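These notes are about the structure you will find just below.
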Amino acid sequence: MSISSLASVEPVVPKAPAANQFEGGCVFIDGAYAPLSEAKISMFDWGFTRSDVTYDVATTWHGSFFRLDAHIERFFVSLKKMNLAIQYDRDALRDILHGCVRASGLQDGYVAMVCTRGVPPKGARDPRQAQNRFYAYALPYMWIASREKQLAGIDLHISERQRISPASVDPTIKNYHWMDLVQSMFDAYENGHDTSCVVDADGNITEGPGFNVFAVKDGVVYTADRGVLEGISRRTAIELCGSLGIPLRVAPMPVAALRDADEVFITSSGGGVLPIAKIDGKPLPRFPQQFPGPITTRLYDGYWAMHDDPAFSDPVDYRA
Ligand SMILES: Cc1ncc(COP(=O)(O)O)c(C=O)c1O
């Protein structure tokens, strides 16, 4: 669907799926709900051949979405910035995402919404002529690191690789430009670390594959102000700092500040606030005497407590 052709199209309200119809996972594609095995896109879709795609990932926990409005809003902002469009408005999108979870029966879910450029007509190279494609799916909840790994202590590698420049790819658009991040994961795994983060051209910490990075020093929380996706869980941690009275600085974060931190944690919809025990194999100063550190622990607890707050939760109706 090109932007220009959208105005003439009536939004189609998708039919609600039967509860638990596709247990364990459900996709919404081409206007209908289907089992995961039927999820297919063209190999010629620019989403695949050009990383010309945006997406968002919300989660459900114990049968309720967490901050679904924020994910939907970020998705629509990303679509606009990329000159992409879907035929659904925010309410219809919400219904589709609920439908995927309802049909999958999943209580703890990873719920993605994706829009690709699509395939331009044969011979054409003009992205405006492509019919954008939308799909969504629900899978079981995915952790950046398992609970066992979190307790044993995640070892974060600081890669020398630079995140693709924000002048080239706007990092506030959730994107598939992950070559830097994926290669940094190779660096990490091949050297025995658990995950990685990459720097910007000035040598400041940016983000990792699927997460934002925070440091704590002398009671103050720090996180990068630029060159990163404005994660919804990052926002949650920032808001919690405000409500818990924890001082916060959102500013460029030099590598040395991360190495010298009292506590480090990462934030992601794939696990919330995840404590880091080691940087490049070196235990943080307070570890193992006090791990996770006190501020990480307060934010971790606060993150999960917010899931019970009706202001941030959107329960799924699983009834048949
Ligand atoms: C590159 C990147 N940074 C940060 C995040 C964290 O964002 P959120 O907290 O919204 O999950 C993600 C999530 O996938 C990501 O892909």
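Note on naming: chains are A, B, ... as they come in the structure tokens, residues start from 1 per chain, ligands start from 1 in the order shown.
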
Please report, as JSON lines, each residue of chain A lying at most 7 Å from ligand 1, together with the nearest pair of atoms and the separation in Å rounded to one decimal; use only C-alpha atoms and all ligand atoms, and order rows by chain and ascending residue number.
```
{"residue": "A:Val57", "atom": "CA", "partner": "ligand 1", "partner_atom_place_in_ligand_line": "11 (O)", "distance": 6.7}
{"residue": "A:Lys174", "atom": "CA", "partner": "ligand 1", "partner_atom_place_in_ligand_line": "16 (O)", "distance": 6.4}
{"residue": "A:Glu207", "atom": "CA", "partner": "ligand 1", "partner_atom_place_in_ligand_line": "3 (N)", "distance": 5.6}
{"residue": "A:Gly208", "atom": "CA", "partner": "ligand 1", "partner_atom_place_in_ligand_line": "1 (C)", "distance": 6.0}
{"residue": "A:Pro209", "atom": "CA", "partner": "ligand 1", "partner_atom_place_in_ligand_line": "1 (C)", "distance": 5.4}
{"residue": "A:Gly210", "atom": "CA", "partner": "ligand 1", "partner_atom_place_in_ligand_line": "15 (C)", "distance": 3.5}
{"residue": "A:Phe211", "atom": "CA", "partner": "ligand 1", "partner_atom_place_in_ligand_line": "4 (C)", "distance": 3.7}
{"residue": "A:Asn212", "atom": "CA", "partner": "ligand 1", "partner_atom_place_in_ligand_line": "4 (C)", "distance": 4.6}
{"residue": "A:Val228", "atom": "CA", "partner": "ligand 1", "partner_atom_place_in_ligand_line": "3 (N)", "distance": 6.1}
{"residue": "A:Leu229", "atom": "CA", "partner": "ligand 1", "partner_atom_place_in_ligand_line": "3 (N)", "distance": 4.8}
{"residue": "A:Glu230", "atom": "CA", "partner": "ligand 1", "partner_atom_place_in_ligand_line": "7 (O)", "distance": 6.6}
{"residue": "A:Gly231", "atom": "CA", "partner": "ligand 1", "partner_atom_place_in_ligand_line": "7 (O)", "distance": 3.4}
{"residue": "A:Ile232", "atom": "CA", "partner": "ligand 1", "partner_atom_place_in_ligand_line": "10 (O)", "distance": 3.8}
{"residue": "A:Ser233", "atom": "CA", "partner": "ligand 1", "partner_atom_place_in_ligand_line": "9 (O)", "distance": 3.7}
{"residue": "A:Arg234", "atom": "CA", "partner": "ligand 1", "partner_atom_place_in_ligand_line": "9 (O)", "distance": 5.3}
{"residue": "A:Thr267", "atom": "CA", "partner": "ligand 1", "partner_atom_place_in_ligand_line": "9 (O)", "distance": 5.7}
{"residue": "A:Ser268", "atom": "CA", "partner": "ligand 1", "partner_atom_place_in_ligand_line": "9 (O)", "distance": 3.8}
{"residue": "A:Ser269", "atom": "CA", "partner": "ligand 1", "partner_atom_place_in_ligand_line": "11 (O)", "distance": 3.6}
{"residue": "A:Gly270", "atom": "CA", "partner": "ligand 1", "partner_atom_place_in_ligand_line": "11 (O)", "distance": 6.3}
```

Can you pull out the residues contacting A:Ala237? Cut-off 12 Å, using only C-alpha atoms, and skip same-chain residues under 6 positions away; I want them as a ChimeraX atom specification.
/A:212-215,221-223,230-231,243-248,250,265-269,272-274,295-304,306

From the DSSP assignment of the backbone, select every residue of stretch 242-290 of chain A that is strand (DSSP E or B), and format the answer as a ChimeraX atom specification.
/A:248-250,254,263-268,272-279,282-283

Please provide the set of residues having any atom within 10 Å of A:Gln107, restricted to only C-alpha atoms, with same-chain residues fewer than 2 positions apart removed, written as a list in words.
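Final neighbour list, sorted by chain and number: Gly24, Thr59, Thr60, Trp61, His62, Gly63, Ser64, Phe65, Val101, Arg102, Ser104, Gly105, Gly109, Tyr110, Pro140, Tyr141, Pro315, Val316 and Tyr318 of chain A.
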
Would you mind telling me which residue in A:Asn83, A:Ala167, A:Leu93, A:Ile144 lies nearest to A:Arg128 when using only C-alpha atoms?
A:Asn83

Polymer residues at most 6 Å from stretch 153-155 of chain A, only C-alpha atoms, same-chain spacing of 2 or more positions, as a VMD selection string:
chain A and resid 149 to 151 193 to 194 276 to 279 281

With C-alpha atoms retained, write the just-selected residues as a compact mmCIF listing (two decimals), in the first residue's frame.
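Writing the result to selection18.txt gives the following:
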```
# COMPACT_ATOMS: atom_id res chain seq x y z
CA LYS A 149 21.90 -16.43 33.30
CA GLN A 150 20.67 -13.24 34.97
CA LEU A 151 21.32 -14.70 38.42
CA HIS A 193 30.94 -13.19 26.84
CA ASP A 194 27.16 -13.31 26.94
CA ILE A 276 24.97 -7.00 34.25
CA ALA A 277 27.61 -8.68 36.43
CA LYS A 278 30.74 -8.34 34.31
CA ILE A 279 32.09 -6.06 31.61
CA GLY A 281 34.83 -10.67 31.81
```

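Nearest-residue note for A:Ile29: choosing from A:Ala112, A:Leu68, A:Val77, A:Met43, the minimum distance belongs to A:Ala112, counting only C-alpha atoms.
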